[in-house]
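Chemist: Encoded as structure tokens, here's the structure I'll be asking about.
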Amino acid sequence: MLGYANTMTNIPSTIQMIQQLVAQPSVSSSHPGLDQGNVGVVSLLAQWLEELGFAVAIQHLPHLPDKANMVATLGAGPGGLVLAGHTDTVPCNPELWHSDPFVAVIRDERIHGLGSCDMKGFLALAVTAAASWADRPPRHPLTIVATADEETGMDGARLLHLTGCPGMAVVLGEPTGMKPVRMHKGIMQERVVLEGVAGHSSNPALGRNAIDGMAEVLETLLRYRREMGQRFVNPAFAVQEPTMNMGYIHGGDNPNRICPRCELHFDVRLNPGMDASQIRSTLQELLHPIAERLGLLLTMEPLSPAIEPMETSAAAPIVRAIEALTGTPAGTVAFATEAPFFNAMGCQSIVFGPGRIETAHQANEYLELATIDPMLHHLNTLIRRFCYEPI
């Protein structure tokens, strides 16, 4: 029997919850004209969980008053289980969709809608699973976390505070096709600006050319990229080495004018064991001498806050539990998640959810209906294991 109805409570069915969550726009974007709040989504989740007897706390982002995290807890004490997901979506192009992105519709045994897969569907499943246990006081707390702004700066996860988090097991329900993931790469995105002096190109001594300096910067970065690729190999990943991509460069305005300014943007995908602040310090030490020698001013700064790589021990109870449930060894993914922020609080996190990452961020995003019952089974088994059985 499909587990769509919440027969023990008055809260909506799983499908109805997905539909109501999708109907609350919560786009996160670095473009101010597209960026939206998430309080509509958080309010719905809080309403349902309060009805189930959860104690609900709302954490507002101080610089973004229309955005907030929600932390809902049933029970108290050490350990327990956290079911976590983000409430925001990426922007979309409605003209490419076969239906309104903000109206979740069932078609071809799938529920289509913006966020249905990434990851409002998981949040609805978490509430449905919680409803099965709400009338039984847990030995160890069951916590549901819904964060803001994951799709841009992960500001919600950076703000997040969990009482008694050390020792807690965290299931972050990003779309992994219900395959467990215990490692992913981190990312840092950097801007390098070189400023020189303009002058007539007929005499190089009349100025200091920022493009010439950037050529040396690029040569140094490429050399460091090769060194990283030799030092930090991790065979668990399809791309085993850390990568560095030169994604944007611009300098100058005319071929007969010495270039006074040149700007480069690049990213580094960090393997587990690498630290973004250490990498940045090393790059500063390598690049500043180039600028000093050439009489240029160098500025290097992050384009966005770094996301550290994530690695949870293969021996962690949550990893072993989900491997046993699925019969699948925990693997790796290329995309970044909020898991490093939970691990930094002392939790043990695993990325594990329904849906496939290939359908996320795409027109006609969907969650397959056939994944709902298996995911509910997994969540209920984990709730019993981590919240109701003795440690």
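To be explicit about the labels: the chains of the structure tokens are called A, B, and onward in the order shown, and within each one the residues are counted from 1, while ligands get numbers from 1 in the order they are shown.
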As an mmCIF file with C-alpha atoms, in the first residue's frame, please: the residues near A:Val127 (cut-off 8 Å, only C-alpha atoms, same-chain neighbours under 5 positions excluded).

Modeler:
```cif
data_model
loop_
_atom_site.group_PDB
_atom_site.id
_atom_site.type_symbol
_atom_site.label_atom_id
_atom_site.label_comp_id
_atom_site.auth_asym_id
_atom_site.auth_seq_id
_atom_site.Cartn_x
_atom_site.Cartn_y
_atom_site.Cartn_z
ATOM 1 C CA LEU A 45 6.459 22.742 8.389
ATOM 2 C CA TRP A 48 2.458 20.378 10.964
ATOM 3 C CA LEU A 49 5.193 19.498 13.447
ATOM 4 C CA ILE A 144 13.674 17.786 11.897
#
```

Chemist: Just the residues within 9 Å of A:Thr243, please, counting only C-alpha atoms, with nothing from its chain fewer than 4 positions along; format it as a short mmCIF file (atom, residue, chain, number, x, y, z; two decimals) with C-alpha atoms, in the first residue's frame.

Modeler:
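For reference, selection-v3.cif as written:
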```cif
data_model
loop_
_atom_site.label_atom_id
_atom_site.label_comp_id
_atom_site.auth_asym_id
_atom_site.auth_seq_id
_atom_site.Cartn_x
_atom_site.Cartn_y
_atom_site.Cartn_z
CA ARG A 225 47.08 22.80 -9.53
CA MET A 228 47.54 19.55 -5.59
CA GLY A 229 46.67 16.81 -8.04
CA VAL A 239 37.65 12.68 -10.46
CA ASP A 267 37.33 27.77 -8.23
CA VAL A 268 38.97 24.89 -6.38
CA ARG A 269 37.13 21.64 -5.66
CA LEU A 270 38.61 20.38 -2.42
CA ASN A 271 39.07 16.71 -1.57
#
```

Chemist: Counting only C-alpha atoms, which residues in stretch 255-332 of chain A sit no more than 10 Å from stretch 374-380 of chain A? For each one, give the nearest pair of atoms and the distance in Å, sorted by chain then residue number, as a Markdown table.

Modeler:
```
| residue | atom | partner | partner_atom | distance |
| --- | --- | --- | --- | --- |
| A:Ala321 | CA | A:His378 | CA | 9.9 |
| A:Ile322 | CA | A:His378 | CA | 8.0 |
| A:Leu325 | CA | A:His378 | CA | 7.0 |
| A:Thr326 | CA | A:His378 | CA | 8.4 |
```

Chemist: Store the residues of this selection in a file with N, CA and C atoms, as a JSON list (two decimals), in the first residue's frame.

Modeler:
```json
[["chain", "number", "residue", "atom", "x", "y", "z"],
["A", 321, "ALA", "N", 24.28, 1.83, 9.52],
["A", 321, "ALA", "CA", 22.85, 1.54, 9.53],
["A", 321, "ALA", "C", 22.24, 1.66, 8.14],
["A", 322, "ILE", "N", 22.60, 2.71, 7.40],
["A", 322, "ILE", "CA", 22.00, 2.90, 6.08],
["A", 322, "ILE", "C", 22.62, 1.94, 5.06],
["A", 325, "LEU", "N", 20.63, -1.11, 5.60],
["A", 325, "LEU", "CA", 19.27, -0.95, 5.08],
["A", 325, "LEU", "C", 19.21, -1.12, 3.57],
["A", 326, "THR", "N", 20.15, -0.51, 2.88],
["A", 326, "THR", "CA", 20.10, -0.45, 1.41],
["A", 326, "THR", "C", 20.91, -1.55, 0.74]]
```

Chemist: Go through stretch 159-269 of chain A and flag each residue having an atom no more than 8 Å from stretch 285-307 of chain A; for those, report the closest pair of atoms plus their distance in Å to one decimal, using only C-alpha atoms, ordered by chain and rising number, as CSV.

Modeler:
```
residue,atom,partner,partner_atom,distance
A:Gly186,CA,A:Ile307,CA,5.2
A:Ile187,CA,A:Ile307,CA,5.3
A:Met188,CA,A:Ala306,CA,4.6
A:Gln189,CA,A:Leu303,CA,5.4
A:Glu190,CA,A:Pro302,CA,4.4
A:Arg191,CA,A:Glu301,CA,5.4
A:Val192,CA,A:Met300,CA,4.5
A:Val193,CA,A:Thr299,CA,5.1
A:Leu194,CA,A:Leu298,CA,4.7
A:Glu195,CA,A:Leu297,CA,5.0
A:Gly196,CA,A:Leu296,CA,5.0
A:Arg208,CA,A:Gly295,CA,7.0
A:Ala210,CA,A:Leu296,CA,7.0
A:Gly213,CA,A:Ala291,CA,6.8
A:Glu216,CA,A:Ile290,CA,7.2
A:Val217,CA,A:Leu287,CA,6.3
A:Thr220,CA,A:Leu286,CA,7.4
```

Chemist: Would you kindly return, as a ChimeraX atom specification, each protein, DNA or RNA residue with an atom no farther than 12 Å from any atom of A:Gly79, considering only C-alpha atoms and excluding same-chain residues fewer than 2 positions away?

Modeler: /A:75-77,81-82,138-143,162-170,317-318,346-348,383,385-391

Chemist: Using only C-alpha atoms, which residues sit within 8 Å of A:Gly207 once same-chain residues fewer than 5 positions away are excluded, as a PyMOL selection string?

Modeler: chain A and resi 196-200+258+260

Chemist: Please list as a compact mmCIF listing (two decimals) with C-alpha atoms, in the first residue's frame every residue within 9 Å of A:Pro340, counting only C-alpha atoms and excluding residues in the same chain fewer than 4 positions away.

Modeler:
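Generated file (selection_0.txt):
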```
# COMPACT_ATOMS: atom_id res chain seq x y z
CA GLY A 186 34.26 21.15 -0.97
CA ILE A 307 32.22 25.06 1.69
CA GLU A 308 34.57 22.54 3.23
CA PRO A 309 34.73 18.95 1.98
CA MET A 310 32.68 16.38 3.87
CA GLU A 311 33.83 13.02 5.17
CA ALA A 336 28.39 20.04 -2.14
CA ALA A 344 31.50 20.66 12.42
CA MET A 345 28.92 20.76 15.24
CA SER A 349 26.15 13.03 8.82
```

Chemist: Run DSSP on the backbone of this structure and report the residues of stretch 189-326 of chain A it assigns to helix (DSSP H, G or I), as a compact mmCIF listing (two decimals) with N, CA and C atoms, in the first residue's frame.

Modeler:
```txt
# COMPACT_ATOMS: atom_id res chain seq x y z
N PRO A 204 56.73 50.39 -23.10
CA PRO A 204 56.29 49.66 -21.91
C PRO A 204 56.69 50.34 -20.60
N ALA A 205 57.77 51.14 -20.62
CA ALA A 205 58.22 51.80 -19.39
C ALA A 205 57.24 52.87 -18.91
N LEU A 206 56.29 53.26 -19.75
CA LEU A 206 55.33 54.29 -19.36
C LEU A 206 54.24 53.77 -18.42
N ALA A 210 48.96 45.03 -16.19
CA ALA A 210 48.32 44.05 -15.33
C ALA A 210 48.13 42.71 -16.03
N ILE A 211 47.97 42.70 -17.35
CA ILE A 211 47.83 41.44 -18.07
C ILE A 211 49.13 40.65 -18.03
N ASP A 212 50.27 41.34 -18.18
CA ASP A 212 51.55 40.65 -18.06
C ASP A 212 51.66 39.98 -16.69
N GLY A 213 51.26 40.71 -15.65
CA GLY A 213 51.29 40.13 -14.31
C GLY A 213 50.35 38.95 -14.17
N MET A 214 49.16 39.05 -14.78
CA MET A 214 48.20 37.95 -14.68
C MET A 214 48.71 36.71 -15.39
N ALA A 215 49.49 36.89 -16.44
CA ALA A 215 50.07 35.72 -17.12
C ALA A 215 50.94 34.93 -16.15
N GLU A 216 51.73 35.63 -15.32
CA GLU A 216 52.56 34.94 -14.33
C GLU A 216 51.69 34.33 -13.22
N VAL A 217 50.63 35.04 -12.84
CA VAL A 217 49.70 34.49 -11.84
C VAL A 217 49.11 33.18 -12.34
N LEU A 218 48.65 33.18 -13.59
CA LEU A 218 48.08 31.96 -14.16
C LEU A 218 49.09 30.82 -14.22
N GLU A 219 50.30 31.13 -14.61
CA GLU A 219 51.34 30.10 -14.66
C GLU A 219 51.56 29.50 -13.27
N THR A 220 51.57 30.35 -12.25
CA THR A 220 51.77 29.87 -10.88
C THR A 220 50.58 29.04 -10.40
N LEU A 221 49.36 29.48 -10.71
CA LEU A 221 48.18 28.72 -10.31
C LEU A 221 48.14 27.35 -10.99
N LEU A 222 48.49 27.30 -12.25
CA LEU A 222 48.49 26.03 -12.95
C LEU A 222 49.54 25.08 -12.39
N ARG A 223 50.69 25.63 -12.02
CA ARG A 223 51.71 24.80 -11.39
C ARG A 223 51.22 24.26 -10.04
N TYR A 224 50.55 25.12 -9.26
CA TYR A 224 50.02 24.67 -7.97
C TYR A 224 48.91 23.64 -8.18
N ARG A 225 48.12 23.79 -9.23
CA ARG A 225 47.08 22.80 -9.53
C ARG A 225 47.70 21.43 -9.76
N ARG A 226 48.81 21.37 -10.48
CA ARG A 226 49.48 20.09 -10.69
C ARG A 226 49.98 19.52 -9.38
N GLU A 227 50.51 20.37 -8.50
CA GLU A 227 50.99 19.90 -7.20
C GLU A 227 49.84 19.35 -6.36
N MET A 228 48.70 20.05 -6.34
CA MET A 228 47.54 19.55 -5.59
C MET A 228 47.10 18.19 -6.11
N GLY A 229 47.10 18.05 -7.43
CA GLY A 229 46.67 16.81 -8.04
C GLY A 229 47.54 15.63 -7.67
N GLN A 230 48.79 15.88 -7.31
CA GLN A 230 49.69 14.81 -6.89
C GLN A 230 49.60 14.54 -5.39
N ARG A 231 49.30 15.58 -4.60
CA ARG A 231 49.32 15.45 -3.13
C ARG A 231 48.02 14.95 -2.53
N ALA A 276 40.12 24.90 3.19
CA ALA A 276 40.03 26.05 2.29
C ALA A 276 40.90 27.21 2.77
N SER A 277 40.92 27.49 4.05
CA SER A 277 41.71 28.63 4.55
C SER A 277 43.20 28.39 4.36
N GLN A 278 43.64 27.16 4.50
CA GLN A 278 45.05 26.85 4.28
C GLN A 278 45.42 26.99 2.80
N ILE A 279 44.54 26.51 1.93
CA ILE A 279 44.78 26.65 0.49
C ILE A 279 44.86 28.13 0.12
N ARG A 280 43.93 28.93 0.66
CA ARG A 280 43.92 30.36 0.35
C ARG A 280 45.21 31.03 0.84
N SER A 281 45.67 30.69 2.03
CA SER A 281 46.91 31.28 2.56
C SER A 281 48.10 30.92 1.68
N THR A 282 48.15 29.66 1.24
CA THR A 282 49.23 29.23 0.37
C THR A 282 49.23 30.01 -0.94
N LEU A 283 48.06 30.20 -1.51
CA LEU A 283 47.97 30.93 -2.77
C LEU A 283 48.37 32.40 -2.59
N GLN A 284 47.97 32.98 -1.47
CA GLN A 284 48.39 34.36 -1.20
C GLN A 284 49.92 34.45 -1.16
N GLU A 285 50.55 33.48 -0.50
CA GLU A 285 52.01 33.49 -0.38
C GLU A 285 52.69 33.32 -1.74
N LEU A 286 52.06 32.59 -2.64
CA LEU A 286 52.63 32.38 -3.97
C LEU A 286 52.43 33.57 -4.89
N LEU A 287 51.30 34.27 -4.77
CA LEU A 287 50.94 35.29 -5.75
C LEU A 287 51.43 36.68 -5.40
N HIS A 288 51.44 37.04 -4.12
CA HIS A 288 51.83 38.40 -3.77
C HIS A 288 53.25 38.77 -4.21
N PRO A 289 54.23 37.85 -4.09
CA PRO A 289 55.57 38.22 -4.58
C PRO A 289 55.61 38.56 -6.06
N ILE A 290 54.74 37.95 -6.86
CA ILE A 290 54.69 38.28 -8.29
C ILE A 290 54.31 39.75 -8.46
N ALA A 291 53.26 40.17 -7.77
CA ALA A 291 52.80 41.55 -7.88
C ALA A 291 53.87 42.53 -7.37
N GLU A 292 54.50 42.20 -6.27
CA GLU A 292 55.52 43.10 -5.71
C GLU A 292 56.69 43.27 -6.68
N ARG A 293 57.12 42.19 -7.28
CA ARG A 293 58.25 42.25 -8.21
C ARG A 293 57.91 43.10 -9.44
N LEU A 294 56.66 43.06 -9.88
CA LEU A 294 56.26 43.77 -11.10
C LEU A 294 55.69 45.16 -10.82
N PRO A 317 27.89 4.98 13.18
CA PRO A 317 26.66 4.17 13.24
C PRO A 317 25.64 4.51 12.16
N ILE A 318 25.49 5.79 11.80
CA ILE A 318 24.50 6.15 10.79
C ILE A 318 24.93 5.62 9.42
N VAL A 319 26.22 5.60 9.15
CA VAL A 319 26.71 5.05 7.88
C VAL A 319 26.44 3.56 7.81
N ARG A 320 26.79 2.87 8.89
CA ARG A 320 26.59 1.41 8.91
C ARG A 320 25.11 1.05 8.83
N ALA A 321 24.28 1.83 9.52
CA ALA A 321 22.85 1.54 9.53
C ALA A 321 22.24 1.66 8.14
N ILE A 322 22.60 2.71 7.40
CA ILE A 322 22.00 2.90 6.08
C ILE A 322 22.62 1.94 5.06
N GLU A 323 23.88 1.61 5.23
CA GLU A 323 24.46 0.58 4.35
C GLU A 323 23.73 -0.75 4.53
N ALA A 324 23.41 -1.09 5.79
CA ALA A 324 22.69 -2.33 6.05
C ALA A 324 21.27 -2.28 5.48
N LEU A 325 20.63 -1.11 5.60
CA LEU A 325 19.27 -0.95 5.08
C LEU A 325 19.21 -1.12 3.57
N THR A 326 20.15 -0.51 2.88
CA THR A 326 20.10 -0.45 1.41
C THR A 326 20.91 -1.55 0.74
```

Chemist: Please identify which residues in stretch 185-273 of chain A DSSP calls strand (DSSP E or B) from the backbone, and express them as a VMD selection string.

Modeler: chain A and resid 186 to 195 197 200 208 243 to 251 257 261 to 270

Chemist: From the options A:Thr381, A:Ala330, A:Glu174, A:Ala131, which residue's atoms come nearest to A:Asn10, counting only C-alpha atoms?

Modeler: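 So, comparing all the options, the nearest one is A:Ala131.
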
Chemist: For a quick check of understanding, using only C-alpha atoms, which of A:Pro137, A:Pro91, A:Gly273, A:Gly115 has the smallest distance to A:Leu21?

Modeler: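 With only C-alpha atoms as the atom set, the closest residue is A:Gly115.
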
Chemist: Please determine, counting only C-alpha atoms, which residue among A:Ala360, A:Ile106, A:Ala157, A:Val233 has the shortest atom-to-atom distance to A:Asn343.

Modeler: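 Closest to A:Asn343, using only C-alpha atoms: A:Ala157.
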
Chemist: Env of A:Phe54: 7 Å cut, atoms = only C-alpha atoms, seq-sep filter 2 positions within chain, self excluded. Answer as a VMD selection string.

Modeler: chain A and resid 49 to 50 52 56 72 to 74

Chemist: Pull C-alpha atoms from the residues just selected and write them as a PDB file, in the first residue's frame.

Modeler:
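Result saved to part13.pdb:
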```
ATOM      1  CA  LEU A  49       5.193  19.498  13.447  1.00  0.00           C
ATOM      2  CA  GLU A  50       3.653  21.470  16.301  1.00  0.00           C
ATOM      3  CA  LEU A  52       2.531  16.331  16.137  1.00  0.00           C
ATOM      4  CA  VAL A  56       9.570  24.180  17.236  1.00  0.00           C
ATOM      5  CA  ALA A  72      11.665  20.941  15.513  1.00  0.00           C
ATOM      6  CA  THR A  73      12.413  18.417  18.261  1.00  0.00           C
ATOM      7  CA  LEU A  74      10.488  15.546  19.822  1.00  0.00           C
TER       8      LEU A  74
END
```

Chemist: List the neighbours of A:Lys120 out to 10 Å using only C-alpha atoms; skip same-chain residues closer than 5 positions along the sequence, and give me the result as a VMD selection string.

Modeler: chain A and resid 17 to 22 41 85 to 89 113 to 115 125 to 126 146 173 to 174 367

Chemist: Save the residues we just selected, N, CA and C atoms, as a PDB file, in the first residue's frame?

Modeler:
```
ATOM      1  N   MET A  17       1.266  17.467   1.239  1.00  0.00           N
ATOM      2  CA  MET A  17       2.333  18.296   1.801  1.00  0.00           C
ATOM      3  C   MET A  17       3.296  18.765   0.709  1.00  0.00           C
ATOM      4  N   ILE A  18       3.682  17.864  -0.175  1.00  0.00           N
ATOM      5  CA  ILE A  18       4.569  18.267  -1.270  1.00  0.00           C
ATOM      6  C   ILE A  18       3.918  19.368  -2.092  1.00  0.00           C
ATOM      7  N   GLN A  19       2.637  19.193  -2.379  1.00  0.00           N
ATOM      8  CA  GLN A  19       1.928  20.205  -3.174  1.00  0.00           C
ATOM      9  C   GLN A  19       1.895  21.551  -2.461  1.00  0.00           C
ATOM     10  N   GLN A  20       1.634  21.546  -1.161  1.00  0.00           N
ATOM     11  CA  GLN A  20       1.571  22.805  -0.427  1.00  0.00           C
ATOM     12  C   GLN A  20       2.951  23.458  -0.303  1.00  0.00           C
ATOM     13  N   LEU A  21       3.988  22.646  -0.137  1.00  0.00           N
ATOM     14  CA  LEU A  21       5.338  23.207  -0.036  1.00  0.00           C
ATOM     15  C   LEU A  21       5.792  23.795  -1.371  1.00  0.00           C
ATOM     16  N   VAL A  22       5.523  23.084  -2.457  1.00  0.00           N
ATOM     17  CA  VAL A  22       5.894  23.590  -3.783  1.00  0.00           C
ATOM     18  C   VAL A  22       5.168  24.896  -4.084  1.00  0.00           C
ATOM     19  N   VAL A  41       7.340  28.374   3.544  1.00  0.00           N
ATOM     20  CA  VAL A  41       7.660  26.953   3.683  1.00  0.00           C
ATOM     21  C   VAL A  41       7.875  26.601   5.148  1.00  0.00           C
ATOM     22  N   GLY A  85      16.901  19.090   5.757  1.00  0.00           N
ATOM     23  CA  GLY A  85      16.790  19.477   4.358  1.00  0.00           C
ATOM     24  C   GLY A  85      16.696  20.980   4.218  1.00  0.00           C
ATOM     25  N   HIS A  86      16.958  21.482   3.026  1.00  0.00           N
ATOM     26  CA  HIS A  86      16.841  22.913   2.794  1.00  0.00           C
ATOM     27  C   HIS A  86      15.495  23.220   2.152  1.00  0.00           C
ATOM     28  N   THR A  87      15.000  24.410   2.446  1.00  0.00           N
ATOM     29  CA  THR A  87      13.665  24.808   2.008  1.00  0.00           C
ATOM     30  C   THR A  87      13.662  25.609   0.716  1.00  0.00           C
ATOM     31  N   ASP A  88      14.817  26.055   0.273  1.00  0.00           N
ATOM     32  CA  ASP A  88      14.866  26.936  -0.899  1.00  0.00           C
ATOM     33  C   ASP A  88      15.096  26.143  -2.176  1.00  0.00           C
ATOM     34  N   THR A  89      14.818  26.801  -3.287  1.00  0.00           N
ATOM     35  CA  THR A  89      15.054  26.223  -4.605  1.00  0.00           C
ATOM     36  C   THR A  89      15.921  27.175  -5.415  1.00  0.00           C
ATOM     37  N   GLY A 113       7.254  19.574  -9.940  1.00  0.00           N
ATOM     38  CA  GLY A 113       7.149  20.884  -9.330  1.00  0.00           C
ATOM     39  C   GLY A 113       8.505  21.357  -8.873  1.00  0.00           C
ATOM     40  N   LEU A 114       8.697  22.661  -8.811  1.00  0.00           N
ATOM     41  CA  LEU A 114       9.990  23.211  -8.413  1.00  0.00           C
ATOM     42  C   LEU A 114      10.263  22.874  -6.949  1.00  0.00           C
ATOM     43  N   GLY A 115      11.319  22.118  -6.704  1.00  0.00           N
ATOM     44  CA  GLY A 115      11.654  21.685  -5.347  1.00  0.00           C
ATOM     45  C   GLY A 115      11.111  20.326  -4.989  1.00  0.00           C
ATOM     46  N   LEU A 125       8.364  13.925   3.419  1.00  0.00           N
ATOM     47  CA  LEU A 125       8.563  12.546   3.853  1.00  0.00           C
ATOM     48  C   LEU A 125       9.030  12.489   5.312  1.00  0.00           C
ATOM     49  N   ALA A 126       9.879  13.429   5.703  1.00  0.00           N
ATOM     50  CA  ALA A 126      10.340  13.465   7.092  1.00  0.00           C
ATOM     51  C   ALA A 126       9.171  13.703   8.046  1.00  0.00           C
ATOM     52  N   ALA A 146      14.968  22.320   8.931  1.00  0.00           N
ATOM     53  CA  ALA A 146      14.729  22.892   7.602  1.00  0.00           C
ATOM     54  C   ALA A 146      15.507  24.201   7.523  1.00  0.00           C
ATOM     55  N   GLY A 173      18.723  14.812   3.400  1.00  0.00           N
ATOM     56  CA  GLY A 173      17.969  14.139   2.363  1.00  0.00           C
ATOM     57  C   GLY A 173      18.100  14.681   0.961  1.00  0.00           C
ATOM     58  N   GLU A 174      19.286  15.083   0.558  1.00  0.00           N
ATOM     59  CA  GLU A 174      19.510  15.500  -0.833  1.00  0.00           C
ATOM     60  C   GLU A 174      19.264  14.316  -1.771  1.00  0.00           C
ATOM     61  N   LEU A 367       9.791  14.109  -8.605  1.00  0.00           N
ATOM     62  CA  LEU A 367      10.090  13.023  -7.680  1.00  0.00           C
ATOM     63  C   LEU A 367       9.232  11.839  -8.095  1.00  0.00           C
TER      64      LEU A 367
END
```

Chemist: At what distance in Å, to one decimal, does atom CA of A:Ser313 lie from atom CA of A:Arg356?

Modeler: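 About the pair atom CA of A:Arg356 and atom CA of A:Ser313: they are 24.0 Å apart.
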
Chemist: Could you check how far atom CA of A:Ser30 sits from atom CA of A:Arg182, in Å to one decimal?

Modeler: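 Distance between the two atoms: 28.5 Å.
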
Chemist: Which residue, A:Cys262, A:Ala316, A:Val145, A:Leu96, has the smallest gap to A:Ala57 when you use only C-alpha atoms?

Modeler: A:Val145

Chemist: Considering only C-alpha atoms, state which residue in the set A:Asp118, A:Asp35, A:Asp100, A:Asp275 is at the smallest distance from A:Phe232.

Modeler: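 Between A:Asp118, A:Asp35, A:Asp100, A:Asp275, the residue approaching A:Phe232 most closely is A:Asp275.
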
Chemist: What is the distance between atom CA of A:Gly331 and atom CA of A:Met183, in Å to one decimal?

Modeler: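 Going from atom CA of A:Gly331 over to atom CA of A:Met183 covers 6.7 Å.
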
Chemist: Which is closest to A:Ser132 among A:Thr371, A:Pro255, A:Ile11, A:Gly353, if we use only C-alpha atoms?

Modeler: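 Using only C-alpha atoms, the shortest distance to A:Ser132 belongs to A:Ile11.
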